[in-house]
>>> print(open('query-v4.pdb').read())   # PDB, C-alpha atoms and all ligand atoms
ATOM      1  CA  MET A  48      91.071 223.408 112.770
ATOM      2  CA  ASP A  49      87.873 222.971 114.744
ATOM      3  CA  TYR A  50      85.111 224.830 112.963
ATOM      4  CA  THR A  51      81.439 224.343 112.143
ATOM      5  CA  VAL A  52      79.489 224.806 108.927
ATOM      6  CA  ALA A  53      75.778 225.397 109.552
ATOM      7  CA  PRO A  54      73.142 225.919 106.828
ATOM      8  CA  LEU A  55      71.447 229.331 106.798
ATOM      9  CA  SER A  56      68.436 228.282 104.730
ATOM     10  CA  ALA A  57      67.099 225.137 103.115
ATOM     11  CA  HIS A  58      69.196 225.625  99.977
ATOM     12  CA  THR A  59      71.592 228.591 100.095
ATOM     13  CA  GLY A  60      74.094 229.957 102.587
ATOM     14  CA  ALA A  61      76.168 228.450 105.367
ATOM     15  CA  GLU A  62      77.566 230.079 108.468
ATOM     16  CA  ILE A  63      81.143 229.286 109.437
ATOM     17  CA  HIS A  64      82.085 229.512 113.107
ATOM     18  CA  GLY A  65      85.560 228.944 114.467
ATOM     19  CA  VAL A  66      87.722 230.156 111.577
ATOM     20  CA  ASP A  67      89.925 233.216 112.007
ATOM     21  CA  LEU A  68      90.753 234.261 108.459
ATOM     22  CA  ALA A  69      93.638 236.401 109.702
ATOM     23  CA  ARG A  70      95.459 233.138 110.484
ATOM     24  CA  PRO A  71      96.759 230.469 108.094
ATOM     25  CA  VAL A  72      94.239 227.802 107.006
ATOM     26  CA  GLY A  73      95.611 224.331 106.152
ATOM     27  CA  ASP A  74      94.960 222.478 102.884
ATOM     28  CA  ALA A  75      92.358 220.061 104.276
ATOM     29  CA  ASP A  76      90.380 222.885 105.908
ATOM     30  CA  ARG A  77      90.650 224.971 102.758
ATOM     31  CA  ALA A  78      89.305 222.067 100.662
ATOM     32  CA  ARG A  79      86.368 221.578 103.049
ATOM     33  CA  LEU A  80      85.556 225.299 102.972
ATOM     34  CA  TYR A  81      85.744 225.299  99.186
ATOM     35  CA  ARG A  82      83.335 222.344  98.998
ATOM     36  CA  ALA A  83      80.936 224.220 101.269
ATOM     37  CA  PHE A  84      81.241 227.290  99.013
ATOM     38  CA  VAL A  85      80.295 225.276  95.908
ATOM     39  CA  GLU A  86      77.459 223.442  97.700
ATOM     40  CA  ARG A  87      75.936 226.393  99.571
ATOM     41  CA  SER A  88      76.861 229.289  97.186
ATOM     42  CA  VAL A  89      77.110 231.791 100.082
ATOM     43  CA  LEU A  90      79.479 231.406 103.047
ATOM     44  CA  VAL A  91      79.270 233.729 106.038
ATOM     45  CA  PHE A  92      82.341 233.948 108.277
ATOM     46  CA  ARG A  93      81.371 235.657 111.529
ATOM     47  CA  GLU A  94      83.523 237.866 113.763
ATOM     48  CA  GLN A  95      86.360 238.623 111.374
ATOM     49  CA  GLN A  96      88.557 241.689 111.791
ATOM     50  CA  LEU A  97      90.674 241.986 108.686
ATOM     51  CA  SER A  98      92.635 244.921 107.386
ATOM     52  CA  PRO A  99      92.371 245.361 103.587
ATOM     53  CA  HIS A 100      95.684 243.541 103.088
ATOM     54  CA  GLN A 101      94.609 240.701 105.394
ATOM     55  CA  LEU A 102      91.334 240.487 103.476
ATOM     56  CA  LEU A 103      93.240 240.132 100.194
ATOM     57  CA  SER A 104      95.360 237.295 101.486
ATOM     58  CA  ALA A 105      92.374 235.556 103.156
ATOM     59  CA  VAL A 106      90.269 235.485  99.982
ATOM     60  CA  ARG A 107      93.122 233.825  98.069
ATOM     61  CA  LEU A 108      91.992 230.668  99.891
ATOM     62  CA  PHE A 109      89.212 230.606  97.306
ATOM     63  CA  GLY A 110      91.000 231.792  94.144
ATOM     64  CA  GLU A 111      92.882 234.524  92.313
ATOM     65  CA  VAL A 112      91.899 238.150  92.766
ATOM     66  CA  PHE A 113      89.916 239.776  89.919
ATOM     67  CA  PRO A 114      90.625 243.466  89.205
ATOM     68  CA  GLN A 115      87.338 245.359  89.628
ATOM     69  CA  HIS A 116      86.257 247.732  86.875
ATOM     70  CA  ASN A 117      85.674 251.133  88.431
ATOM     71  CA  SER A 118      88.900 252.264  90.113
ATOM     72  CA  ARG A 119      87.112 255.253  91.588
ATOM     73  CA  PHE A 120      86.146 252.896  94.444
ATOM     74  CA  ALA A 121      89.627 251.383  94.945
ATOM     75  CA  LEU A 122      91.265 251.854  98.361
ATOM     76  CA  PRO A 123      94.328 254.042  97.674
ATOM     77  CA  ASP A 124      96.758 251.892  99.654
ATOM     78  CA  CYS A 125      95.274 248.525  98.598
ATOM     79  CA  PRO A 126      93.652 249.043  95.170
ATOM     80  CA  LEU A 127      92.506 245.464  94.590
ATOM     81  CA  VAL A 128      90.114 246.075  97.484
ATOM     82  CA  HIS A 129      87.211 248.403  96.689
ATOM     83  CA  TYR A 130      84.722 249.965  99.043
ATOM     84  CA  ILE A 131      80.932 249.846  99.025
ATOM     85  CA  SER A 132      79.434 252.909 100.671
ATOM     86  CA  ASN A 133      76.147 254.796 100.902
ATOM     87  CA  GLN A 134      78.068 258.087 101.217
ATOM     88  CA  ASP A 135      78.752 258.685  97.500
ATOM     89  CA  PHE A 136      76.642 260.794  95.152
ATOM     90  CA  TYR A 137      76.035 260.879  91.406
ATOM     91  CA  PRO A 138      77.153 264.076  89.616
ATOM     92  CA  ASP A 139      73.496 265.298  89.784
ATOM     93  CA  GLY A 140      73.610 265.124  93.608
ATOM     94  CA  LYS A 141      71.466 261.980  93.965
ATOM     95  CA  ARG A 142      72.751 259.439  96.467
ATOM     96  CA  TYR A 143      74.433 256.378  94.954
ATOM     97  CA  ILE A 144      73.458 253.057  96.563
ATOM     98  CA  PRO A 145      75.806 250.430  95.139
ATOM     99  CA  GLY A 146      74.278 247.061  94.361
ATOM    100  CA  GLU A 147      70.591 248.042  94.280
ATOM    101  CA  GLY A 148      68.509 245.860  91.957
ATOM    102  CA  TYR A 149      69.192 242.196  91.277
ATOM    103  CA  HIS A 150      72.390 241.554  89.321
ATOM    104  CA  THR A 151      75.472 239.366  89.085
ATOM    105  CA  ASP A 152      78.828 241.107  89.353
ATOM    106  CA  HIS A 153      80.857 242.305  86.363
ATOM    107  CA  SER A 154      79.171 240.003  83.824
ATOM    108  CA  ASN A 155      80.448 242.393  81.145
ATOM    109  CA  ALA A 156      83.873 240.735  81.511
ATOM    110  CA  LEU A 157      84.896 237.920  79.189
ATOM    111  CA  CYS A 158      85.657 235.887  82.330
ATOM    112  CA  PRO A 159      83.322 237.345  84.971
ATOM    113  CA  PRO A 160      84.347 236.977  88.619
ATOM    114  CA  LYS A 161      83.363 233.598  90.058
ATOM    115  CA  ALA A 162      82.967 235.071  93.509
ATOM    116  CA  THR A 163      82.536 238.338  95.357
ATOM    117  CA  VAL A 164      83.602 238.901  98.948
ATOM    118  CA  LEU A 165      82.253 241.638 101.210
ATOM    119  CA  HIS A 166      83.631 242.393 104.644
ATOM    120  CA  ALA A 167      81.457 244.619 106.820
ATOM    121  CA  VAL A 168      83.225 247.634 108.340
ATOM    122  CA  ARG A 169      80.318 249.901 109.347
ATOM    123  CA  LEU A 170      76.640 248.974 109.281
ATOM    124  CA  PRO A 171      73.361 250.789 109.893
ATOM    125  CA  ASP A 172      71.465 249.834 113.065
ATOM    126  CA  SER A 173      68.962 247.911 110.931
ATOM    127  CA  GLY A 174      68.296 247.185 107.269
ATOM    128  CA  GLY A 175      70.794 247.123 104.408
ATOM    129  CA  ASP A 176      70.430 243.341 103.994
ATOM    130  CA  THR A 177      71.808 241.643 100.901
ATOM    131  CA  GLN A 178      69.350 239.355  99.135
ATOM    132  CA  TYR A 179      70.464 236.399  97.059
ATOM    133  CA  VAL A 180      68.516 234.228  94.667
ATOM    134  CA  ASN A 181      69.700 230.740  93.761
ATOM    135  CA  MET A 182      69.739 230.513  89.970
ATOM    136  CA  HIS A 183      70.304 226.734  89.970
ATOM    137  CA  LEU A 184      66.996 226.271  91.747
ATOM    138  CA  ALA A 185      65.363 228.899  89.559
ATOM    139  CA  TYR A 186      66.533 226.985  86.483
ATOM    140  CA  ASP A 187      65.337 223.661  87.902
ATOM    141  CA  GLY A 188      61.957 225.265  88.650
ATOM    142  CA  LEU A 189      61.344 226.512  85.097
ATOM    143  CA  PRO A 190      58.628 224.828  83.061
ATOM    144  CA  GLU A 191      60.161 222.431  80.545
ATOM    145  CA  ALA A 192      58.932 224.556  77.604
ATOM    146  CA  ILE A 193      60.850 227.616  78.844
ATOM    147  CA  ARG A 194      63.984 225.575  79.552
ATOM    148  CA  HIS A 195      63.759 224.379  75.962
ATOM    149  CA  ARG A 196      63.166 227.939  74.694
ATOM    150  CA  ILE A 197      66.205 229.446  76.426
ATOM    151  CA  SER A 198      68.577 226.583  75.708
ATOM    152  CA  GLY A 199      71.291 227.911  73.376
ATOM    153  CA  LEU A 200      70.240 231.592  73.720
ATOM    154  CA  ARG A 201      73.026 234.094  74.278
ATOM    155  CA  ALA A 202      72.917 237.598  75.697
ATOM    156  CA  SER A 203      75.089 240.627  75.137
ATOM    157  CA  HIS A 204      76.478 242.175  78.368
ATOM    158  CA  VAL A 205      77.859 245.731  78.570
ATOM    159  CA  TYR A 206      79.068 247.959  81.415
ATOM    160  CA  GLN A 207      75.757 249.809  81.558
ATOM    161  CA  SER A 208      72.689 248.433  79.815
ATOM    162  CA  ARG A 209      70.513 251.095  78.249
ATOM    163  CA  HIS A 210      67.539 249.075  79.597
ATOM    164  CA  SER A 211      68.676 249.176  83.233
ATOM    165  CA  ALA A 212      66.696 251.156  85.798
ATOM    166  CA  ARG A 213      69.848 251.482  87.930
ATOM    167  CA  LYS A 214      72.623 253.707  86.632
ATOM    168  CA  MET A 215      76.219 252.696  87.246
ATOM    169  CA  MET A 216      78.784 255.257  88.323
ATOM    170  CA  ALA A 217      80.558 256.376  85.114
ATOM    171  CA  LEU A 218      83.968 254.898  84.322
ATOM    172  CA  GLY A 219      87.023 257.116  83.949
ATOM    173  CA  GLU A 220      89.103 256.917  80.756
ATOM    174  CA  PRO A 221      91.701 254.272  81.758
ATOM    175  CA  ASP A 222      89.011 251.958  83.181
ATOM    176  CA  ARG A 223      86.836 252.383  80.082
ATOM    177  CA  ASN A 224      89.717 251.387  77.836
ATOM    178  CA  SER A 225      90.565 248.309  79.872
ATOM    179  CA  ILE A 226      87.206 246.515  79.543
ATOM    180  CA  PRO A 227      85.485 245.119  76.434
ATOM    181  CA  ASP A 228      82.622 247.103  74.885
ATOM    182  CA  ALA A 229      80.377 244.039  74.946
ATOM    183  CA  VAL A 230      80.661 240.312  75.597
ATOM    184  CA  ILE A 231      78.318 237.468  74.755
ATOM    185  CA  HIS A 232      77.384 234.896  77.400
ATOM    186  CA  PRO A 233      74.881 232.021  77.424
ATOM    187  CA  ILE A 234      71.581 232.585  79.247
ATOM    188  CA  VAL A 235      71.932 229.130  80.759
ATOM    189  CA  ARG A 236      75.387 228.332  82.087
ATOM    190  CA  THR A 237      76.814 225.182  83.590
ATOM    191  CA  HIS A 238      78.677 225.533  86.854
ATOM    192  CA  PRO A 239      82.255 224.389  86.179
ATOM    193  CA  GLU A 240      82.600 222.751  89.595
ATOM    194  CA  SER A 241      79.182 221.242  90.348
ATOM    195  CA  GLY A 242      78.024 220.618  86.768
ATOM    196  CA  ARG A 243      74.612 222.151  87.619
ATOM    197  CA  LYS A 244      72.827 224.484  85.224
ATOM    198  CA  ALA A 245      71.838 228.023  86.214
ATOM    199  CA  ILE A 246      70.006 230.919  84.580
ATOM    200  CA  TYR A 247      72.613 233.598  83.858
ATOM    201  CA  ILE A 248      70.992 237.010  83.346
ATOM    202  CA  ASN A 249      71.793 240.496  84.595
ATOM    203  CA  PRO A 250      69.249 243.322  84.406
ATOM    204  CA  ILE A 251      71.961 245.964  84.928
ATOM    205  CA  ARG A 252      74.248 244.736  82.140
ATOM    206  CA  VAL A 253      72.268 242.805  79.532
ATOM    207  CA  GLU A 254      71.762 244.875  76.422
ATOM    208  CA  GLY A 255      69.941 242.264  74.357
ATOM    209  CA  ILE A 256      69.601 238.653  73.269
ATOM    210  CA  VAL A 257      71.483 237.663  70.143
ATOM    211  CA  GLY A 258      69.126 237.354  67.144
ATOM    212  CA  MET A 259      66.015 238.515  69.049
ATOM    213  CA  ALA A 260      64.097 241.786  68.757
ATOM    214  CA  ASP A 261      64.493 244.032  71.806
ATOM    215  CA  GLU A 262      60.822 243.850  72.695
ATOM    216  CA  ASP A 263      60.839 240.041  72.781
ATOM    217  CA  ALA A 264      64.206 239.901  74.566
ATOM    218  CA  LEU A 265      63.091 242.300  77.291
ATOM    219  CA  ALA A 266      59.843 240.399  77.805
ATOM    220  CA  LEU A 267      61.725 237.096  78.128
ATOM    221  CA  LEU A 268      64.339 238.565  80.489
ATOM    222  CA  ALA A 269      61.592 240.091  82.656
ATOM    223  CA  GLU A 270      59.813 236.734  82.792
ATOM    224  CA  LEU A 271      63.032 234.966  83.823
ATOM    225  CA  LEU A 272      63.763 237.608  86.465
ATOM    226  CA  ASP A 273      60.239 237.446  87.918
ATOM    227  CA  HIS A 274      60.484 233.688  88.096
ATOM    228  CA  SER A 275      63.987 233.676  89.626
ATOM    229  CA  THR A 276      63.309 236.229  92.355
ATOM    230  CA  GLN A 277      60.406 234.320  93.920
ATOM    231  CA  PRO A 278      60.776 233.953  97.696
ATOM    232  CA  GLN A 279      61.390 230.189  97.547
ATOM    233  CA  TYR A 280      64.705 230.777  95.759
ATOM    234  CA  GLN A 281      65.951 233.480  98.148
ATOM    235  CA  TYR A 282      68.386 233.713 100.998
ATOM    236  CA  ARG A 283      68.409 237.105 102.732
ATOM    237  CA  HIS A 284      71.574 238.019 104.584
ATOM    238  CA  LYS A 285      71.252 240.242 107.672
ATOM    239  CA  TRP A 286      74.653 241.742 108.268
ATOM    240  CA  GLU A 287      76.442 241.607 111.597
ATOM    241  CA  ARG A 288      79.551 243.562 112.437
ATOM    242  CA  GLY A 289      82.639 241.545 111.440
ATOM    243  CA  ASP A 290      80.824 239.445 108.829
ATOM    244  CA  LEU A 291      82.824 238.348 105.831
ATOM    245  CA  VAL A 292      80.543 236.961 103.128
ATOM    246  CA  ILE A 293      81.714 235.201  99.983
ATOM    247  CA  TRP A 294      79.225 234.266  97.263
ATOM    248  CA  ASP A 295      79.213 232.449  93.956
ATOM    249  CA  ASN A 296      78.332 234.761  91.067
ATOM    250  CA  ARG A 297      78.015 231.799  88.687
ATOM    251  CA  CYS A 298      74.737 230.680  90.224
ATOM    252  CA  LEU A 299      73.305 233.631  92.176
ATOM    253  CA  LEU A 300      71.832 237.046  91.619
ATOM    254  CA  HIS A 301      72.093 239.454  94.517
ATOM    255  CA  GLN A 302      70.906 242.899  95.493
ATOM    256  CA  ALA A 303      71.613 245.391  98.268
ATOM    257  CA  ASN A 304      68.722 247.051 100.080
ATOM    258  CA  GLY A 305      68.748 250.821 100.494
ATOM    259  CA  ASP A 306      65.985 250.587 103.111
ATOM    260  CA  TYR A 307      67.773 252.153 106.119
ATOM    261  CA  ASP A 308      68.453 255.572 107.597
ATOM    262  CA  MET A 309      70.868 257.209 105.167
ATOM    263  CA  ASN A 310      72.339 259.329 107.975
ATOM    264  CA  GLN A 311      73.910 256.086 109.128
ATOM    265  CA  VAL A 312      76.945 254.760 107.289
ATOM    266  CA  ARG A 313      76.943 251.406 105.517
ATOM    267  CA  TYR A 314      80.540 250.718 104.483
ATOM    268  CA  LEU A 315      82.068 247.405 103.401
ATOM    269  CA  HIS A 316      85.250 246.264 101.683
ATOM    270  CA  ARG A 317      84.846 244.272  98.479
ATOM    271  CA  VAL A 318      87.114 241.852  96.603
ATOM    272  CA  MET A 319      86.269 239.689  93.592
ATOM    273  CA  LEU A 320      87.810 236.411  92.451
ATOM    274  CA  GLN A 321      88.703 235.412  88.926
ATOM    275  CA  GLY A 322      86.232 233.196  87.055
ATOM    276  CA  ASP A 323      86.075 231.358  83.719
ATOM    277  CA  VAL A 324      84.312 232.024  80.435
ATOM    278  CA  PRO A 325      80.663 231.046  81.118
ATOM    279  CA  VAL A 326      79.603 227.988  79.103
TER     280      VAL A 326
HETATM  281  C1  LIG B 401      77.308 244.548  95.442
HETATM  282  O1  LIG B 401      76.380 244.395  94.674
HETATM  283  O2  LIG B 401      78.457 244.247  95.114
HETATM  284  C2  LIG B 401      77.068 245.108  96.836
HETATM  285  C3  LIG B 401      76.062 244.336  97.599
HETATM  286  C4  LIG B 401      75.799 244.940  98.949
HETATM  287  O3  LIG B 401      76.253 246.063  99.237
HETATM  288  O4  LIG B 401      75.119 244.319  99.753
END
>>> encode(input="query-v4.pdb", output="structure tokens")
Amino acid sequence: MDYTVAPLSAHTGAEIHGVDLARPVGDADRARLYRAFVERSVLVFREQQLSPHQLLSAVRLFGEVFPQHNSRFALPDCPLVHYISNQDFYPDGKRYIPGEGYHTDHSNALCPPKATVLHAVRLPDSGGDTQYVNMHLAYDGLPEAIRHRISGLRASHVYQSRHSARKMMALGEPDRNSIPDAVIHPIVRTHPESGRKAIYINPIRVEGIVGMADEDALALLAELLDHSTQPQYQYRHKWERGDLVIWDNRCLLHQANGDYDMNQVRYLHRVMLQGDVPV
């Protein structure tokens, strides 16, 4: 297959031109794409037109599908694919903007998803970008004393942290029973494929740090978040119609921007891929 892989920033993101994910991809091409995914953490496939079922089979190039936690957002005829939309509302009538505030997906799972895939279906005329921060670089950029301080620390992750400014949409009964109440993950994890270390925190899900008073834990987590979200660690994705974006949750935080005209629809399909226990 004749396709190009072009960097989108100095450190994160690559744009793939010349691959039609609705068609079979051979082993050598798949291996090259997978290497690019591990090296660049975000891959952007332009001009894709995939039905939900085509999307599911395309993402299997990169791994096994992970069942997402809140089935309220599942597509009825293809439930492993969920939707992301600005047209839902909390029970109190406030608009729900999925993905606002930096986070990594479903870190409250024992084996959180290694990757998330979004495929744009409808986009606002402008805005609604997704921002990523590279947590490998953020880790590398920490002062040695802080790296030493966080080495060996572990955090407790839950569906909805009581400290989070963003509220998740509540889970229904069957979903609630199918996920653990809390899981413990290291604050520094090692990428299983590149061997690089990354800060692994999640303001939406982290309830506390094991063995640390809340006040100290929150101060440390805020310091790590402030450090990690500095512009030099960011890649900001401006969506184009037909984009399919896959990113590596093991070494990125991301956030959606609700900065556009809410009379316009922002609607994407989302799939996640199975990951390992973070170590
Ligand atoms: C998400 O956090 O999964 C959604 C991100 C986005 O809508 O850009």
>>> residues_around(input="query-v4.pdb", residues="Arg82 (chain A)", least_positions_apart="5", cutoff="12 Å", atoms="all atoms listed in the file", output="VMD selection string")
chain A and resid 52 61 75 to 77 87 to 90 109 240 to 241
>>> residues_near_ligand(input="query-v4.pdb", ligand="ligand LIG 401 (chain B)", cutoff="6 Å", atoms="all atoms listed in the file", output="ChimeraX atom specification")
/A:145-146,177,302-303
>>> resolve_selection(input="query-v4.pdb", expression="the PyMOL selection byres (((chain A and resi 134) around 10) and not hetatm)", output="short mmCIF file (atom, residue, chain, number, x, y, z; two decimals) with C-alpha atoms, keeping the file's coordinate frame")
data_model
loop_
_atom_site.label_atom_id
_atom_site.label_comp_id
_atom_site.auth_asym_id
_atom_site.auth_seq_id
_atom_site.Cartn_x
_atom_site.Cartn_y
_atom_site.Cartn_z
CA ILE A 131 80.93 249.85 99.02
CA SER A 132 79.43 252.91 100.67
CA ASN A 133 76.15 254.80 100.90
CA ASP A 135 78.75 258.68 97.50
CA PHE A 136 76.64 260.79 95.15
CA ARG A 142 72.75 259.44 96.47
CA TYR A 143 74.43 256.38 94.95
CA ILE A 144 73.46 253.06 96.56
CA MET A 309 70.87 257.21 105.17
CA ASN A 310 72.34 259.33 107.98
CA GLN A 311 73.91 256.09 109.13
CA VAL A 312 76.94 254.76 107.29
CA ARG A 313 76.94 251.41 105.52
CA TYR A 314 80.54 250.72 104.48
#
>>> resolve_selection(input="query-v4.pdb", expression="the PyMOL selection byres (((chain A and resi 123-128) around 10) and not hetatm)", output="ChimeraX atom specification")
/A:98-100,102-103,112-115,118-122,129-130,164-165,316-319
>>> resolve_selection(input="query-v4.pdb", expression="the PyMOL selection byres (((chain A and resi 234) around 9) and not hetatm)", output="ChimeraX atom specification")
/A:197-202,232-233,235-236,245-248,256
>>> atom_distance(input="query-v4.pdb", atom1="CA of His150 (chain A)", atom2="CA of Leu300 (chain A)")
5.1 Å
>>> atom_distance(input="query-v4.pdb", atom1="CA of Asn304 (chain A)", atom2="CA of Arg283 (chain A)")
10.3 Å
>>> closest_residue(input="query-v4.pdb", among="A:Arg252, A:Arg107, A:His166, A:His116", to="Ala212 (chain A)", atoms="all atoms listed in the file")
A:Arg252
>>> axis_aligned_box(input="query-v4.pdb", around="region 243-250 of chain A", padding_each_side="5 Å", output="JSON")
{"center_x": 71.9, "center_y": 232.7, "center_z": 85.5, "size_x": 15.4, "size_y": 31.2, "size_z": 14.3}
>>> atom_distance(input="query-v4.pdb", atom1="CA of Ile63 (chain A)", atom2="CA of Thr51 (chain A)")
5.6 Å
>>> residues_around(input="query-v4.pdb", residues="Leu68 (chain A)", least_positions_apart="3", cutoff="10 Å", atoms="all atoms listed in the file", output="VMD selection string")
chain A and resid 65 71 to 72 92 to 97 101 to 102 104 to 106 108 291
>>> write_last_selection(input="query-v4.pdb", atoms="C-alpha atoms", output="JSON list (two decimals), in the frame of the given file")
[["chain", "number", "residue", "atom", "x", "y", "z"],
["A", 65, "GLY", "CA", 85.56, 228.94, 114.47],
["A", 71, "PRO", "CA", 96.76, 230.47, 108.09],
["A", 72, "VAL", "CA", 94.24, 227.80, 107.01],
["A", 92, "PHE", "CA", 82.34, 233.95, 108.28],
["A", 93, "ARG", "CA", 81.37, 235.66, 111.53],
["A", 94, "GLU", "CA", 83.52, 237.87, 113.76],
["A", 95, "GLN", "CA", 86.36, 238.62, 111.37],
["A", 96, "GLN", "CA", 88.56, 241.69, 111.79],
["A", 97, "LEU", "CA", 90.67, 241.99, 108.69],
["A", 101, "GLN", "CA", 94.61, 240.70, 105.39],
["A", 102, "LEU", "CA", 91.33, 240.49, 103.48],
["A", 104, "SER", "CA", 95.36, 237.30, 101.49],
["A", 105, "ALA", "CA", 92.37, 235.56, 103.16],
["A", 106, "VAL", "CA", 90.27, 235.48, 99.98],
["A", 108, "LEU", "CA", 91.99, 230.67, 99.89],
["A", 291, "LEU", "CA", 82.82, 238.35, 105.83]]
>>> closest_residue(input="query-v4.pdb", among="A:Thr163, A:Ser203, A:Gln281, A:Thr59", to="Ala264 (chain A)", atoms="all atoms listed in the file")
A:Ser203
>>> build_atoms(input="query-v4.pdb", residues="region 294-312 of chain A", atoms="N, CA and C atoms", output="short mmCIF file (atom, residue, chain, number, x, y, z; two decimals), in the frame of the given file")
data_model
loop_
_atom_site.label_atom_id
_atom_site.label_comp_id
_atom_site.auth_asym_id
_atom_site.auth_seq_id
_atom_site.Cartn_x
_atom_site.Cartn_y
_atom_site.Cartn_z
N TRP A 294 80.30 234.93 98.01
CA TRP A 294 79.22 234.27 97.26
C TRP A 294 79.66 233.94 95.85
N ASP A 295 78.89 233.02 95.26
CA ASP A 295 79.21 232.45 93.96
C ASP A 295 78.38 233.16 92.89
N ASN A 296 79.05 234.00 92.10
CA ASN A 296 78.33 234.76 91.07
C ASN A 296 77.87 233.90 89.90
N ARG A 297 78.35 232.65 89.82
CA ARG A 297 78.02 231.80 88.69
C ARG A 297 76.61 231.22 88.81
N CYS A 298 76.04 231.31 90.02
CA CYS A 298 74.74 230.68 90.22
C CYS A 298 73.83 231.49 91.16
N LEU A 299 74.14 232.78 91.33
CA LEU A 299 73.31 233.63 92.18
C LEU A 299 73.10 234.98 91.50
N LEU A 300 71.95 235.59 91.76
CA LEU A 300 71.83 237.05 91.62
C LEU A 300 71.80 237.58 93.04
N HIS A 301 72.18 238.85 93.19
CA HIS A 301 72.09 239.45 94.52
C HIS A 301 71.69 240.91 94.37
N GLN A 302 71.19 241.47 95.47
CA GLN A 302 70.91 242.90 95.49
C GLN A 302 71.08 243.44 96.91
N ALA A 303 71.53 244.70 96.98
CA ALA A 303 71.61 245.39 98.27
C ALA A 303 70.31 246.14 98.49
N ASN A 304 69.95 246.31 99.74
CA ASN A 304 68.72 247.05 100.08
C ASN A 304 69.06 248.43 100.64
N GLY A 305 68.53 249.46 99.99
CA GLY A 305 68.75 250.82 100.49
C GLY A 305 67.58 251.24 101.37
N ASP A 306 67.22 250.40 102.34
CA ASP A 306 65.98 250.59 103.11
C ASP A 306 66.25 251.11 104.53
N TYR A 307 67.38 251.77 104.75
CA TYR A 307 67.77 252.15 106.12
C TYR A 307 68.00 253.67 106.18
N ASP A 308 68.25 254.14 107.37
CA ASP A 308 68.45 255.57 107.60
C ASP A 308 69.78 256.00 106.94
N MET A 309 69.67 256.84 105.93
CA MET A 309 70.87 257.21 105.17
C MET A 309 71.81 258.15 105.94
N ASN A 310 71.39 258.59 107.13
CA ASN A 310 72.34 259.33 107.98
C ASN A 310 73.32 258.37 108.63
N GLN A 311 72.99 257.08 108.58
CA GLN A 311 73.91 256.09 109.13
C GLN A 311 74.77 255.53 107.99
N VAL A 312 76.00 255.20 108.32
CA VAL A 312 76.94 254.76 107.29
C VAL A 312 76.87 253.24 107.11
#
